[in-house]
Each structure stands twice: as C-alpha cells, then as structure tokens.
Amino acid sequence: MSSTTSTGAGALLRQGSFLFFLSSRSLSRFCSLIGIVAMGWQIYDLTGSAFALGAVGLVGFLPSALLVFVAGHAVDRYERKRIVQACQLAQALTAAFLAWGAFAGWLTVIDIFVATLVLGTTAAFEMPATAALLPLIAPEGSLQRATALSSGSAQLATIAGPALGGFAYAVSPALPYALMVLFWLSAALFAGAIQLTHSAAPKRAATPGDLFAGVHFIRKSPPILGTISLDLFAVLFGGVTALLPIYARDILATGPWGLGILRAAPAVGALLMTTLLARHTIHRRVGMRMFQAVIVFGAATVVFALSQWMWLSVLALAALGAADTVSVVIRFSLVQLATPDEMRGRVGAVNFLFINASNNLGQFESGVTAALFGTMPAAVLGGVATVAIALLWMKLFPSLRDVDRLE
C-alpha cells in the first residue's frame, strides 16, 4: 500500500487487525490501571505507609529485570499474538484471585504483593510482544500515526480505568478486580483475531548469543541507547504516581474518587496530544522535540508537587501527560524503525525493562524519598531532577538530539 493512503488515521482505523490490536492493548491497559488504583488504595488503607506503596513498584519491577533476556528471546522465537493471549489469560486468573480474596475478606498485603509479582511476570512477556506486533500490523509509512493512535486508545483506557477503579472500590473492594477479569478475557479474544499485514522475519536456529543480542544491538546504536536511558532516568525521578494516594487523602483531602480523577488527569492531556499527533505527525527536529517534551514533563511535575488545589493539580497532571505522549511517540517510533524485525522482541524486552524500571523503581524511589523528606519535597526534587537529566542527555547524546526525521 502506498504511503499516501496508508498514513492517514482514517485508513488505519478501517483496518480490522489494527482495531483488534487497539482493543486488546487498550483493555489490557484498562485492567492494569484499575488494578493500580485498587491495590494502591487497599495497601495504603491497610498499612498507612508510603514505603509500602513504593514497595509495590519494586515488586512489580523484579520480574522484568530477571526475565528480560528470556522474554525477549521468546518474543522473537514464537508467535507474538499467542504470547500476548497467554499473558492476558494469566492476568485474568490473577484478578480472579484478588476478587475472591477481597470479597471473602481474607485478602492481605502479602496476597497483593504476590499478585503484583505475577502480574509483573506476565507483563515482562506481554509488553515486548505487543510492541513487536505493531510494526507488523501498521501499513508501510504509517508507524508514527499508528503509534499515536495506539497511545491514544490506551489513554482512553487510562482515563476511564483509574476513575472506574476508584468508584468501583468505593462500592466494594472486590468489584474492581471482578471487572479486571472480564476485560482481560475480552482482550485475549481480540488478540487472537489479529492478522499480520507484514510477514514476520523467518526464525533461524537459536544460538547461545541470541539471548543477549538485544543488549549488543542497543550498545552499538547511540540514538537508541540515549532514547531508552533518557526515559529510564527522567521518569525514575520525575514520576509522582506512587504518591497520588497520599496527595488524594492527606494534601488535597479527597477520597478514592479523587484518586481516580488524579490518576486519569495525565491520560486526558495525553489523549488530547495523541489526537493532535494522529493528524499532524512530527516531521522535523524530532530529537529536540523529545528533549523539550521531557523538560515540560519535569516542570509540570514541580507544579503538581507544590499544588494544594485540586483544579491546579489536575491541570498540571494533564500537562505532564501531554508532554509524555510526545516523548513516547517519538521514542517508540525511533526504536522500532531502527530495529530489524528479527531483533524487535529482544530490543523491546530491554526497552520494556528500562520503561518498567522507570515506572516501578520510580514508585519505590518516590516512596522512600517521601518517607525520608516528606511528600512535597520528594515530588519537587523529582521534577527538578527530570529537567536536569534532559539537559545532561542533550550533551551526552548529540546524535539523538540532532535526529531530524523518523525514517
């Protein structure tokens, strides 16, 4: 298909397999966000500890760190949509365990940590498999738009997921987990209906060096190394999501519904930005645009950290989400376009490790610094560190800064 017909958002949305992909990814994201709100509120309600909130992130990160090479190799060796399906079915069973425990009243903090570990293990395989699927579904020349639409659909789930998680938990602690079972089963059905637009690279005989080939490839490509390491360190210090239960209850004086709104606010900003990017792709100076987006992300984090008004906090989180979307679309497109298909699983697994480290270790870092210095100082420090890292990376990776086009 020619690029003139394949790059339009409308043409993409008329393709059945792309819609199945969006539905599966969005529902899975929807479940994850419902779970984050429900488990985060439940742990803080049971313990009242900022450190315990941060520890959830650490537990969720460990599987991706331990399984990064195995997961990447599996994604490049086996059918990717079947890997996605298997992970979503395992996640549905885990959510059923949480629903049963919450309904019966025996669910403990240890049970939630065990469930987090299982969900982190499945995500270690699902995320690189999902990322490697998209270039095989999107028509030639349309990856940036496909990425924006994919991000936008996930943001729709991110808007509704936290809000629904908060409201459902207010009705019954078991209800959000029951909803997760339903949506993860539906996601698995949609994943099974995906048909590839492009053929996957032929599988060759495995060698011992294949496990670590993704790391070697990234080390030899400064733009890719700079891209994924920027995300690691910027979000590691700039993420404030782990502190949202504290802000909701102790600083902004709201309940679970307020936590759901705060969780959804970044997704609202992200959705508005993805709508813009789906119509108007970034054609020039993409490297500089990515760095500028990270700087805005850090500045918005500082504003949120200092805010004691709900409306200002929501606006700051929306700006944060919009800036992050620009960075995500550029980062994903750059990495996928620069990676051959037979390597996408292994490179994607390393990339997911960095993303998961930034999100989950960022939760742990936020919990520890909040316990040591207080919630507001910890959040301000994180935002300032994000801006400083973006400026430093511009100096360390000039080839990334000077990337002009996504080709």
# chains A, B, ... in the order shown; residues from 1 in each chain; ligands from 1
>>> closest_atom_pairs(of="segment 92-123 of chain A", to="segment 176-191 of chain A", cutoff="10 Å", atoms="only C-alpha atoms", output="tab-separated table")
residue	atom	partner	partner_atom	distance
A:Ala92	CA	A:Val181	CA	4.5
A:Leu93	CA	A:Val181	CA	7.1
A:Thr94	CA	A:Val181	CA	8.2
A:Ala95	CA	A:Tyr177	CA	5.3
A:Ala96	CA	A:Val181	CA	6.0
A:Phe97	CA	A:Tyr177	CA	8.5
A:Leu98	CA	A:Tyr177	CA	6.1
A:Ala99	CA	A:Tyr177	CA	4.8
A:Trp100	CA	A:Ala178	CA	8.5
A:Gly101	CA	A:Tyr177	CA	9.8
A:Ala102	CA	A:Tyr177	CA	8.4
A:Phe103	CA	A:Tyr177	CA	9.7
>>> residues_around(residues="segment 328-330 of chain A", least_positions_apart="5", cutoff="10 Å", atoms="only C-alpha atoms", output="ChimeraX atom specification")
/A:143-151,227,231,274,277,281-282,286-287,289-290,293-294,322-323,335,405-406
>>> write_last_selection(atoms="C-alpha atoms", output="mmCIF file, in the first residue's frame")
data_model
loop_
_atom_site.group_PDB
_atom_site.id
_atom_site.type_symbol
_atom_site.label_atom_id
_atom_site.label_comp_id
_atom_site.auth_asym_id
_atom_site.auth_seq_id
_atom_site.Cartn_x
_atom_site.Cartn_y
_atom_site.Cartn_z
ATOM 1 C CA LEU A 143 4.135 3.675 12.127
ATOM 2 C CA GLN A 144 4.236 7.124 13.760
ATOM 3 C CA ARG A 145 0.479 7.608 13.263
ATOM 4 C CA ALA A 146 -0.214 4.032 14.321
ATOM 5 C CA THR A 147 1.831 4.640 17.459
ATOM 6 C CA ALA A 148 -0.094 7.839 18.194
ATOM 7 C CA LEU A 149 -3.449 6.086 17.704
ATOM 8 C CA SER A 150 -2.298 3.164 19.834
ATOM 9 C CA SER A 151 -1.177 5.537 22.546
ATOM 10 C CA THR A 227 16.357 7.254 23.935
ATOM 11 C CA ASP A 231 13.130 7.527 29.702
ATOM 12 C CA THR A 274 -2.370 11.923 20.635
ATOM 13 C CA LEU A 277 -0.252 13.778 16.645
ATOM 14 C CA THR A 281 2.938 13.947 12.699
ATOM 15 C CA ILE A 282 6.265 15.443 13.781
ATOM 16 C CA VAL A 286 12.201 15.044 16.340
ATOM 17 C CA GLY A 287 15.181 14.563 18.663
ATOM 18 C CA ARG A 289 11.192 17.835 20.340
ATOM 19 C CA MET A 290 11.629 14.764 22.524
ATOM 20 C CA ALA A 293 8.826 17.294 25.971
ATOM 21 C CA VAL A 294 10.818 15.744 28.838
ATOM 22 C CA ALA A 322 0.606 15.595 27.096
ATOM 23 C CA ALA A 323 4.363 16.103 27.258
ATOM 24 C CA VAL A 335 13.357 2.406 18.306
ATOM 25 C CA ARG A 405 13.256 12.824 10.838
ATOM 26 C CA LEU A 406 11.760 9.447 11.706
#
>>> atom_distance(atom1="atom CA of Ser23 of chain A", atom2="atom CA of Ala157 of chain A")
9.8 Å
>>> select_by_dssp(residues="segment 180-366 of chain A", states="alpha helix (DSSP H)", output="PyMOL selection string")
chain A and resi 180-192+213-219+222-238+244-246+256-279+286-306+310-337+344-356+362-366
>>> write_last_selection(atoms="C-alpha atoms", output="compact mmCIF listing (two decimals), in the first residue's frame")
# COMPACT_ATOMS: atom_id res chain seq x y z
CA MET A 180 -10.43 -6.78 35.51
CA VAL A 181 -11.29 -10.45 34.95
CA LEU A 182 -13.95 -9.55 32.39
CA PHE A 183 -11.79 -7.07 30.48
CA TRP A 184 -8.65 -9.22 30.39
CA LEU A 185 -10.62 -12.16 28.98
CA SER A 186 -12.03 -9.85 26.30
CA ALA A 187 -8.53 -8.58 25.50
CA ALA A 188 -7.33 -12.15 24.93
CA LEU A 189 -10.15 -12.74 22.44
CA PHE A 190 -9.26 -9.62 20.46
CA ALA A 191 -5.57 -10.56 20.41
CA GLY A 192 -6.43 -13.91 18.87
CA ALA A 213 21.81 -9.82 21.15
CA GLY A 214 19.39 -7.04 22.08
CA VAL A 215 21.86 -5.52 24.52
CA HIS A 216 24.67 -5.64 21.98
CA PHE A 217 22.46 -4.01 19.33
CA ILE A 218 21.45 -1.18 21.68
CA ARG A 219 25.04 -0.53 22.76
CA PRO A 222 23.76 5.69 20.44
CA PRO A 223 20.35 7.16 19.46
CA ILE A 224 18.52 4.06 20.75
CA LEU A 225 20.66 3.88 23.89
CA GLY A 226 20.09 7.56 24.57
CA THR A 227 16.36 7.25 23.93
CA ILE A 228 15.62 4.40 26.32
CA SER A 229 18.06 5.57 29.02
CA LEU A 230 16.51 9.06 28.95
CA ASP A 231 13.13 7.53 29.70
CA LEU A 232 14.64 5.41 32.48
CA PHE A 233 16.23 8.23 34.43
CA ALA A 234 13.73 11.00 33.66
CA VAL A 235 10.66 9.04 34.79
CA LEU A 236 12.61 7.30 37.57
CA PHE A 237 13.00 10.63 39.34
CA GLY A 238 10.03 12.52 37.90
CA LEU A 244 -1.10 10.09 44.44
CA PRO A 245 -2.89 8.20 47.26
CA ILE A 246 -1.09 10.47 49.75
CA PRO A 256 -10.95 7.13 46.36
CA TRP A 257 -12.94 9.07 43.73
CA GLY A 258 -10.40 11.90 43.93
CA LEU A 259 -7.56 9.43 43.49
CA GLY A 260 -9.28 8.10 40.38
CA ILE A 261 -9.55 11.63 38.93
CA LEU A 262 -5.88 12.35 39.66
CA ARG A 263 -4.90 9.06 38.03
CA ALA A 264 -6.97 9.91 34.97
CA ALA A 265 -5.75 13.50 34.55
CA PRO A 266 -2.44 12.68 32.80
CA ALA A 267 -4.37 10.49 30.37
CA VAL A 268 -6.70 13.36 29.47
CA GLY A 269 -3.73 15.50 28.46
CA ALA A 270 -2.17 12.54 26.69
CA LEU A 271 -5.35 11.84 24.74
CA LEU A 272 -5.58 15.43 23.53
CA MET A 273 -1.96 15.27 22.40
CA THR A 274 -2.37 11.92 20.63
CA THR A 275 -5.38 13.31 18.77
CA LEU A 276 -3.14 16.10 17.53
CA LEU A 277 -0.25 13.78 16.65
CA ALA A 278 -2.55 11.37 14.78
CA ARG A 279 -3.46 14.22 12.43
CA VAL A 286 12.20 15.04 16.34
CA GLY A 287 15.18 14.56 18.66
CA MET A 288 14.97 18.11 20.02
CA ARG A 289 11.19 17.84 20.34
CA MET A 290 11.63 14.76 22.52
CA PHE A 291 14.03 16.58 24.87
CA GLN A 292 11.72 19.58 25.06
CA ALA A 293 8.83 17.29 25.97
CA VAL A 294 10.82 15.74 28.84
CA ILE A 295 11.67 19.21 30.18
CA VAL A 296 7.98 20.17 30.15
CA PHE A 297 7.24 16.86 31.93
CA GLY A 298 9.64 17.80 34.74
CA ALA A 299 8.30 21.35 35.07
CA ALA A 300 4.70 20.09 35.27
CA THR A 301 5.78 17.65 37.98
CA VAL A 302 7.09 20.54 40.09
CA VAL A 303 3.82 22.45 39.68
CA PHE A 304 1.83 19.41 40.78
CA ALA A 305 4.15 18.79 43.71
CA LEU A 306 3.57 22.29 45.11
CA MET A 310 -7.42 20.07 43.12
CA TRP A 311 -8.00 22.05 39.90
CA LEU A 312 -4.34 23.06 39.60
CA SER A 313 -3.17 19.54 40.39
CA VAL A 314 -5.40 18.14 37.64
CA LEU A 315 -4.14 20.72 35.11
CA ALA A 316 -0.51 20.02 35.99
CA LEU A 317 -1.03 16.27 35.61
CA ALA A 318 -2.76 16.82 32.25
CA ALA A 319 0.20 18.89 31.00
CA LEU A 320 2.53 16.18 32.27
CA GLY A 321 0.60 13.55 30.31
CA ALA A 322 0.61 15.60 27.10
CA ALA A 323 4.36 16.10 27.26
CA ASP A 324 4.98 12.45 27.99
CA THR A 325 2.94 11.44 24.94
CA VAL A 326 5.18 13.43 22.59
CA SER A 327 8.18 11.67 24.09
CA VAL A 328 6.53 8.23 23.92
CA VAL A 329 5.52 8.52 20.24
CA ILE A 330 8.98 9.67 19.20
CA ARG A 331 10.79 7.10 21.34
CA PHE A 332 8.69 4.15 20.20
CA SER A 333 8.82 5.09 16.52
CA LEU A 334 12.56 5.72 16.61
CA VAL A 335 13.36 2.41 18.31
CA GLN A 336 11.04 0.31 16.11
CA LEU A 337 12.17 1.87 12.83
CA ARG A 344 12.41 -6.41 17.89
CA GLY A 345 11.49 -8.83 20.67
CA ARG A 346 14.91 -8.70 22.33
CA VAL A 347 15.35 -4.96 21.85
CA GLY A 348 11.75 -4.45 23.00
CA ALA A 349 12.37 -6.52 26.13
CA VAL A 350 15.37 -4.37 27.06
CA ASN A 351 13.33 -1.26 26.30
CA PHE A 352 10.48 -2.55 28.47
CA LEU A 353 12.98 -3.25 31.25
CA PHE A 354 14.03 0.39 31.13
CA ILE A 355 10.40 1.58 30.99
CA ASN A 356 9.38 -0.71 33.82
CA GLY A 362 10.30 5.31 40.33
CA GLN A 363 7.43 4.31 42.62
CA PHE A 364 9.93 2.81 45.04
CA GLU A 365 12.17 5.88 44.85
CA SER A 366 9.19 8.18 45.42
>>> atom_distance(atom1="atom CA of Thr47 of chain A", atom2="atom CA of Ile110 of chain A")
11.5 Å
>>> closest_residue(among="A:Leu136, A:Val84, A:Ile43, A:Ala104", to="Thr122 of chain A", atoms="only C-alpha atoms")
A:Val84
>>> closest_residue(among="A:Ser64, A:Gln91, A:Ser172, A:Ser26", to="Leu156 of chain A", atoms="only C-alpha atoms")
A:Ser26
>>> atom_distance(atom1="atom CA of Ala132 of chain A", atom2="atom CA of Val114 of chain A")
28.1 Å
>>> closest_residue(among="A:Ala123, A:Leu164, A:Ile389, A:Ile34", to="Pro63 of chain A", atoms="only C-alpha atoms")
A:Ala123
>>> closest_residue(among="A:Ser307, A:Glu342, A:Leu243, A:Cys31", to="Ala378 of chain A", atoms="only C-alpha atoms")
A:Leu243
